[in-house]
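Structure below is data12.cif: mmCIF, N, CA and C atoms.
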```
data_query
loop_
_atom_site.label_atom_id
_atom_site.label_comp_id
_atom_site.auth_asym_id
_atom_site.auth_seq_id
_atom_site.Cartn_x
_atom_site.Cartn_y
_atom_site.Cartn_z
N GLU A 3 0.85 -1.19 0.00
CA GLU A 3 0.00 0.00 0.00
C GLU A 3 0.88 1.24 0.00
N MET A 4 0.62 2.16 -0.93
CA MET A 4 1.46 3.34 -1.08
C MET A 4 0.96 4.48 -0.18
N ASP A 5 1.91 5.19 0.41
CA ASP A 5 1.64 6.37 1.21
C ASP A 5 0.88 7.38 0.34
N PRO A 6 -0.21 7.99 0.84
CA PRO A 6 -1.00 8.93 0.03
C PRO A 6 -0.19 10.09 -0.52
N GLU A 7 0.79 10.62 0.24
CA GLU A 7 1.61 11.73 -0.25
C GLU A 7 2.50 11.28 -1.41
N LYS A 8 3.09 10.08 -1.30
CA LYS A 8 3.92 9.56 -2.38
C LYS A 8 3.08 9.34 -3.63
N LEU A 9 1.87 8.82 -3.44
CA LEU A 9 0.97 8.57 -4.56
C LEU A 9 0.62 9.89 -5.25
N GLU A 10 0.32 10.92 -4.46
CA GLU A 10 -0.04 12.22 -5.03
C GLU A 10 1.11 12.78 -5.87
N LYS A 11 2.34 12.68 -5.36
CA LYS A 11 3.50 13.19 -6.11
C LYS A 11 3.70 12.40 -7.39
N LYS A 12 3.55 11.08 -7.31
CA LYS A 12 3.72 10.24 -8.49
C LYS A 12 2.64 10.56 -9.52
N LEU A 13 1.41 10.75 -9.07
CA LEU A 13 0.31 11.07 -9.98
C LEU A 13 0.50 12.45 -10.59
N ALA A 14 1.06 13.39 -9.83
CA ALA A 14 1.30 14.73 -10.36
C ALA A 14 2.27 14.66 -11.53
N LEU A 15 3.34 13.89 -11.39
CA LEU A 15 4.30 13.75 -12.49
C LEU A 15 3.67 13.01 -13.66
N ARG A 16 2.88 12.00 -13.37
CA ARG A 16 2.18 11.30 -14.46
C ARG A 16 1.24 12.25 -15.20
N GLY A 17 0.60 13.14 -14.45
CA GLY A 17 -0.29 14.13 -15.08
C GLY A 17 0.47 15.04 -16.03
N ILE A 18 1.66 15.45 -15.62
CA ILE A 18 2.49 16.29 -16.48
C ILE A 18 2.89 15.53 -17.73
N VAL A 19 3.32 14.29 -17.55
CA VAL A 19 3.71 13.45 -18.69
C VAL A 19 2.52 13.26 -19.62
N ALA A 20 1.35 13.00 -19.07
CA ALA A 20 0.15 12.81 -19.90
C ALA A 20 -0.20 14.10 -20.65
N MET A 21 -0.03 15.24 -19.98
CA MET A 21 -0.37 16.53 -20.59
C MET A 21 0.57 16.83 -21.77
N VAL A 22 1.85 16.56 -21.59
CA VAL A 22 2.85 16.88 -22.61
C VAL A 22 2.90 15.80 -23.68
N GLY A 23 2.74 14.55 -23.27
CA GLY A 23 2.86 13.42 -24.19
C GLY A 23 4.22 12.77 -24.00
N LYS A 24 4.22 11.53 -23.57
CA LYS A 24 5.45 10.82 -23.22
C LYS A 24 6.47 10.85 -24.36
N GLU A 25 6.00 10.68 -25.59
CA GLU A 25 6.91 10.64 -26.73
C GLU A 25 7.58 11.99 -27.01
N ARG A 26 7.00 13.08 -26.51
CA ARG A 26 7.57 14.42 -26.73
C ARG A 26 8.58 14.81 -25.65
N ILE A 27 8.64 14.07 -24.55
CA ILE A 27 9.50 14.46 -23.44
C ILE A 27 10.94 14.03 -23.70
N GLY A 28 11.82 15.00 -23.69
CA GLY A 28 13.25 14.74 -23.86
C GLY A 28 13.96 14.61 -22.53
N GLY A 29 13.41 15.23 -21.48
CA GLY A 29 14.03 15.14 -20.17
C GLY A 29 13.23 15.89 -19.12
N ILE A 30 13.44 15.49 -17.88
CA ILE A 30 12.80 16.15 -16.75
C ILE A 30 13.89 16.41 -15.71
N ARG A 31 14.00 17.65 -15.26
CA ARG A 31 14.97 18.00 -14.23
C ARG A 31 14.23 18.59 -13.04
N GLN A 32 14.62 18.12 -11.88
CA GLN A 32 14.02 18.64 -10.65
C GLN A 32 15.15 19.11 -9.74
N THR A 33 15.02 20.30 -9.22
CA THR A 33 15.98 20.86 -8.29
C THR A 33 15.27 21.12 -6.97
N MET A 34 15.94 20.73 -5.87
CA MET A 34 15.36 20.97 -4.54
C MET A 34 16.35 21.80 -3.74
N VAL A 35 15.85 22.88 -3.15
CA VAL A 35 16.65 23.72 -2.28
C VAL A 35 15.91 23.84 -0.96
N ILE A 36 16.60 23.50 0.13
CA ILE A 36 16.00 23.66 1.45
C ILE A 36 16.30 25.07 1.92
N GLY A 37 15.26 25.77 2.31
CA GLY A 37 15.41 27.16 2.75
C GLY A 37 14.44 27.47 3.87
N ARG A 38 14.12 28.74 3.99
CA ARG A 38 13.20 29.20 5.03
C ARG A 38 11.95 29.79 4.39
N ALA A 39 10.82 29.62 5.04
CA ALA A 39 9.54 30.09 4.51
C ALA A 39 9.49 31.61 4.49
N SER A 40 9.17 32.15 3.33
CA SER A 40 8.93 33.58 3.20
C SER A 40 7.58 33.89 3.84
N LYS A 41 7.28 35.17 3.96
CA LYS A 41 5.99 35.58 4.53
C LYS A 41 4.84 35.00 3.70
N ASP A 42 4.96 35.08 2.39
CA ASP A 42 3.91 34.58 1.49
C ASP A 42 3.77 33.06 1.58
N ALA A 43 4.91 32.35 1.53
CA ALA A 43 4.86 30.88 1.62
C ALA A 43 4.30 30.44 2.97
N ALA A 44 4.71 31.11 4.04
CA ALA A 44 4.23 30.76 5.38
C ALA A 44 2.72 30.93 5.48
N LYS A 45 2.21 31.99 4.89
CA LYS A 45 0.77 32.24 4.91
C LYS A 45 0.01 31.11 4.21
N HIS A 46 0.48 30.72 3.02
CA HIS A 46 -0.21 29.68 2.25
C HIS A 46 -0.07 28.29 2.88
N LEU A 47 1.09 28.04 3.48
CA LEU A 47 1.32 26.73 4.09
C LEU A 47 0.85 26.65 5.54
N LYS A 48 0.45 27.81 6.07
CA LYS A 48 -0.01 27.89 7.47
C LYS A 48 1.08 27.41 8.43
N ILE A 49 2.28 27.96 8.21
CA ILE A 49 3.42 27.69 9.08
C ILE A 49 4.06 29.01 9.45
N PRO A 50 4.89 29.04 10.50
CA PRO A 50 5.56 30.30 10.85
C PRO A 50 6.58 30.75 9.80
N VAL A 51 6.70 32.06 9.63
CA VAL A 51 7.73 32.62 8.77
C VAL A 51 9.08 32.13 9.27
N GLY A 52 9.93 31.71 8.36
CA GLY A 52 11.26 31.24 8.73
C GLY A 52 11.36 29.75 8.97
N ASP A 53 10.22 29.05 9.03
CA ASP A 53 10.27 27.59 9.17
C ASP A 53 10.94 27.00 7.94
N PRO A 54 11.54 25.81 8.07
CA PRO A 54 12.19 25.20 6.90
C PRO A 54 11.16 24.77 5.85
N VAL A 55 11.54 24.99 4.59
CA VAL A 55 10.71 24.57 3.46
C VAL A 55 11.62 23.97 2.39
N ALA A 56 11.03 23.14 1.57
CA ALA A 56 11.72 22.61 0.40
C ALA A 56 11.15 23.32 -0.82
N ASN A 57 12.01 24.03 -1.52
CA ASN A 57 11.61 24.72 -2.76
C ASN A 57 11.97 23.79 -3.91
N ILE A 58 10.95 23.37 -4.64
CA ILE A 58 11.14 22.42 -5.75
C ILE A 58 10.88 23.15 -7.06
N ARG A 59 11.80 22.99 -7.99
CA ARG A 59 11.60 23.52 -9.35
C ARG A 59 11.70 22.33 -10.29
N ARG A 60 10.65 22.13 -11.06
CA ARG A 60 10.60 21.00 -12.00
C ARG A 60 10.46 21.55 -13.41
N ILE A 61 11.35 21.12 -14.29
CA ILE A 61 11.32 21.57 -15.68
C ILE A 61 11.23 20.34 -16.58
N VAL A 62 10.21 20.32 -17.43
CA VAL A 62 10.05 19.26 -18.42
C VAL A 62 10.39 19.87 -19.77
N ARG A 63 11.32 19.22 -20.47
CA ARG A 63 11.73 19.69 -21.80
C ARG A 63 11.32 18.69 -22.86
N ASP A 64 10.99 19.23 -24.02
CA ASP A 64 10.65 18.33 -25.12
C ASP A 64 11.94 17.83 -25.77
N THR A 65 11.80 17.03 -26.81
CA THR A 65 12.98 16.42 -27.45
C THR A 65 13.86 17.46 -28.13
N ALA A 66 13.35 18.66 -28.40
CA ALA A 66 14.16 19.73 -28.98
C ALA A 66 14.85 20.57 -27.90
N GLY A 67 14.55 20.28 -26.62
CA GLY A 67 15.17 21.01 -25.52
C GLY A 67 14.38 22.21 -25.03
N THR A 68 13.19 22.42 -25.58
CA THR A 68 12.35 23.55 -25.18
C THR A 68 11.56 23.19 -23.93
N ALA A 69 11.55 24.09 -22.96
CA ALA A 69 10.76 23.85 -21.74
C ALA A 69 9.28 23.88 -22.09
N VAL A 70 8.58 22.80 -21.76
CA VAL A 70 7.14 22.72 -22.03
C VAL A 70 6.34 22.75 -20.73
N TYR A 71 7.02 22.64 -19.61
CA TYR A 71 6.38 22.76 -18.29
C TYR A 71 7.44 23.21 -17.29
N VAL A 72 7.10 24.22 -16.52
CA VAL A 72 7.96 24.67 -15.43
C VAL A 72 7.07 24.80 -14.20
N GLY A 73 7.44 24.10 -13.15
CA GLY A 73 6.67 24.17 -11.91
C GLY A 73 7.56 24.58 -10.75
N ASN A 74 7.08 25.49 -9.94
CA ASN A 74 7.76 25.90 -8.72
C ASN A 74 6.82 25.56 -7.56
N ILE A 75 7.28 24.69 -6.68
CA ILE A 75 6.44 24.20 -5.59
C ILE A 75 7.19 24.39 -4.29
N VAL A 76 6.47 24.75 -3.24
CA VAL A 76 7.07 24.90 -1.91
C VAL A 76 6.36 23.94 -0.96
N TYR A 77 7.14 23.09 -0.30
CA TYR A 77 6.61 22.14 0.67
C TYR A 77 7.18 22.45 2.05
N PRO A 78 6.38 22.28 3.10
CA PRO A 78 6.96 22.39 4.44
C PRO A 78 8.04 21.31 4.58
N ALA A 79 9.15 21.65 5.22
CA ALA A 79 10.28 20.72 5.26
C ALA A 79 10.46 20.08 6.62
N ASP A 80 9.36 19.85 7.32
CA ASP A 80 9.49 19.17 8.61
C ASP A 80 9.94 17.73 8.40
N LEU A 81 9.69 17.19 7.22
CA LEU A 81 10.17 15.86 6.86
C LEU A 81 10.36 15.83 5.35
N ILE A 82 11.57 15.55 4.92
CA ILE A 82 11.86 15.46 3.50
C ILE A 82 12.40 14.06 3.22
N GLU A 83 11.83 13.43 2.23
CA GLU A 83 12.32 12.12 1.79
C GLU A 83 12.67 12.25 0.32
N MET A 84 13.86 11.84 -0.05
CA MET A 84 14.27 11.95 -1.44
C MET A 84 14.71 10.57 -1.92
N GLU A 85 14.18 10.17 -3.05
CA GLU A 85 14.53 8.89 -3.64
C GLU A 85 14.80 9.14 -5.11
N MET A 86 15.92 8.61 -5.61
CA MET A 86 16.23 8.81 -7.02
C MET A 86 17.08 7.68 -7.55
N ASP A 87 16.99 7.48 -8.84
CA ASP A 87 17.87 6.55 -9.52
C ASP A 87 19.04 7.37 -10.03
N MET A 88 20.24 6.86 -9.87
CA MET A 88 21.44 7.57 -10.28
C MET A 88 21.97 6.97 -11.57
N ASP A 89 22.41 7.83 -12.47
CA ASP A 89 22.99 7.39 -13.74
C ASP A 89 24.41 6.90 -13.48
N LYS A 90 24.77 5.75 -13.98
CA LYS A 90 26.08 5.17 -13.73
C LYS A 90 27.20 5.94 -14.44
N ASP A 91 26.84 6.77 -15.43
CA ASP A 91 27.85 7.56 -16.13
C ASP A 91 28.06 8.81 -15.36
#
```
Target encoding structure tokens, full file:
Amino acid sequence: EMDPEKLEKKLALRGIVAMVGKERIGGIRQTMVIGRASKDAAKHLKIPVGDPVANIRRIVRDTAGTAVYVGNIVYPADLIEMEMDMDKD
């Protein structure tokens, strides 16, 4: 049984892939920076200003290298789990 948060994140990426079209995707890059909640982020996340947050930027590029989706997401960083496959090269 999959954790609901993990499922939501997986479905979000699947939604992006479905929107763009799997055959058109040349690459997906995600960058995560741990920082502190701004006043605006704290308000939306209902956390204190300055609390730790994970700032996620996700860029989906087509096979020509053009960005077809750019997402900036802020998550509360009270718990961060990162899982990735690493390229052997």
Point to revise | chain A: residues DSSP assigns to helix (DSSP H, G or I), reported as a ChimeraX atom specification | key: /A:6-22,24-26,41-47
Could you write out the selected residues, including N, CA and C atoms, as a short mmCIF file (atom, residue, chain, number, x, y, z; two decimals), in the frame of the given file?
```
data_model
loop_
_atom_site.label_atom_id
_atom_site.label_comp_id
_atom_site.auth_asym_id
_atom_site.auth_seq_id
_atom_site.Cartn_x
_atom_site.Cartn_y
_atom_site.Cartn_z
N PRO A 6 -0.21 7.99 0.84
CA PRO A 6 -1.00 8.93 0.03
C PRO A 6 -0.19 10.09 -0.52
N GLU A 7 0.79 10.62 0.24
CA GLU A 7 1.61 11.73 -0.25
C GLU A 7 2.50 11.28 -1.41
N LYS A 8 3.09 10.08 -1.30
CA LYS A 8 3.92 9.56 -2.38
C LYS A 8 3.08 9.34 -3.63
N LEU A 9 1.87 8.82 -3.44
CA LEU A 9 0.97 8.57 -4.56
C LEU A 9 0.62 9.89 -5.25
N GLU A 10 0.32 10.92 -4.46
CA GLU A 10 -0.04 12.22 -5.03
C GLU A 10 1.11 12.78 -5.87
N LYS A 11 2.34 12.68 -5.36
CA LYS A 11 3.50 13.19 -6.11
C LYS A 11 3.70 12.40 -7.39
N LYS A 12 3.55 11.08 -7.31
CA LYS A 12 3.72 10.24 -8.49
C LYS A 12 2.64 10.56 -9.52
N LEU A 13 1.41 10.75 -9.07
CA LEU A 13 0.31 11.07 -9.98
C LEU A 13 0.50 12.45 -10.59
N ALA A 14 1.06 13.39 -9.83
CA ALA A 14 1.30 14.73 -10.36
C ALA A 14 2.27 14.66 -11.53
N LEU A 15 3.34 13.89 -11.39
CA LEU A 15 4.30 13.75 -12.49
C LEU A 15 3.67 13.01 -13.66
N ARG A 16 2.88 12.00 -13.37
CA ARG A 16 2.18 11.30 -14.46
C ARG A 16 1.24 12.25 -15.20
N GLY A 17 0.60 13.14 -14.45
CA GLY A 17 -0.29 14.13 -15.08
C GLY A 17 0.47 15.04 -16.03
N ILE A 18 1.66 15.45 -15.62
CA ILE A 18 2.49 16.29 -16.48
C ILE A 18 2.89 15.53 -17.73
N VAL A 19 3.32 14.29 -17.55
CA VAL A 19 3.71 13.45 -18.69
C VAL A 19 2.52 13.26 -19.62
N ALA A 20 1.35 13.00 -19.07
CA ALA A 20 0.15 12.81 -19.90
C ALA A 20 -0.20 14.10 -20.65
N MET A 21 -0.03 15.24 -19.98
CA MET A 21 -0.37 16.53 -20.59
C MET A 21 0.57 16.83 -21.77
N VAL A 22 1.85 16.56 -21.59
CA VAL A 22 2.85 16.88 -22.61
C VAL A 22 2.90 15.80 -23.68
N LYS A 24 4.22 11.53 -23.57
CA LYS A 24 5.45 10.82 -23.22
C LYS A 24 6.47 10.85 -24.36
N GLU A 25 6.00 10.68 -25.59
CA GLU A 25 6.91 10.64 -26.73
C GLU A 25 7.58 11.99 -27.01
N ARG A 26 7.00 13.08 -26.51
CA ARG A 26 7.57 14.42 -26.73
C ARG A 26 8.58 14.81 -25.65
N LYS A 41 7.28 35.17 3.96
CA LYS A 41 5.99 35.58 4.53
C LYS A 41 4.84 35.00 3.70
N ASP A 42 4.96 35.08 2.39
CA ASP A 42 3.91 34.58 1.49
C ASP A 42 3.77 33.06 1.58
N ALA A 43 4.91 32.35 1.53
CA ALA A 43 4.86 30.88 1.62
C ALA A 43 4.30 30.44 2.97
N ALA A 44 4.71 31.11 4.04
CA ALA A 44 4.23 30.76 5.38
C ALA A 44 2.72 30.93 5.48
N LYS A 45 2.21 31.99 4.89
CA LYS A 45 0.77 32.24 4.91
C LYS A 45 0.01 31.11 4.21
N HIS A 46 0.48 30.72 3.02
CA HIS A 46 -0.21 29.68 2.25
C HIS A 46 -0.07 28.29 2.88
N LEU A 47 1.09 28.04 3.48
CA LEU A 47 1.32 26.73 4.09
C LEU A 47 0.85 26.65 5.54
#
```
Exercise for review: Find the residue from A:Leu15, A:Ala66, A:Arg59, A:Lys41 that sits nearest to A:Gly29; use only N, CA and C atoms when measuring.
Suggested key: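 So, comparing all the options, the nearest one is A:Ala66.
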What's the 7 Å shell around A:Pro50, counting all atoms listed in the file, without same-chain residues fewer than 6 positions away, as an mmCIF file with N, CA and C atoms, in the frame of the given file?
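Listing of selection06.cif after writing:
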```cif
data_model
loop_
_atom_site.group_PDB
_atom_site.id
_atom_site.type_symbol
_atom_site.label_atom_id
_atom_site.label_comp_id
_atom_site.auth_asym_id
_atom_site.auth_seq_id
_atom_site.Cartn_x
_atom_site.Cartn_y
_atom_site.Cartn_z
ATOM 1 N N ALA A 39 10.820 29.620 5.040
ATOM 2 C CA ALA A 39 9.540 30.090 4.510
ATOM 3 C C ALA A 39 9.490 31.610 4.490
ATOM 4 N N SER A 40 9.170 32.150 3.330
ATOM 5 C CA SER A 40 8.930 33.580 3.200
ATOM 6 C C SER A 40 7.580 33.890 3.840
ATOM 7 N N ALA A 44 4.710 31.110 4.040
ATOM 8 C CA ALA A 44 4.230 30.760 5.380
ATOM 9 C C ALA A 44 2.720 30.930 5.480
#
```
Exercise for review: Using only C-alpha atoms, determine which residues lie at most 12 Å from stretch 72-82 of chain A, disregarding the query and same-chain residues fewer than 6 positions distant; provide the list as a PyMOL selection string.
Suggested key: chain A and resi 7-8+11+14-15+18+22+30-40+42-64
Practice item. Enumerate, as number ranges by chain, the complete set of residues in chain A that a backbone-based DSSP assignment places in strand (DSSP E or B). Key: A: 27-38, 54-64, 69-78
Exercise for review: Measure the distance from atom C of A:Gly67 to atom C of A:Gly28 in Å and round it to one decimal.
Suggested key: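 We find that atom C of A:Gly67 and atom C of A:Gly28 lie 8.0 Å from each other.
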**Study point:** Coordinates-based distance that separates atom C of A:Glu25 from atom C of A:Thr68 (Å, one decimal)
**Key:** 12.3 Å
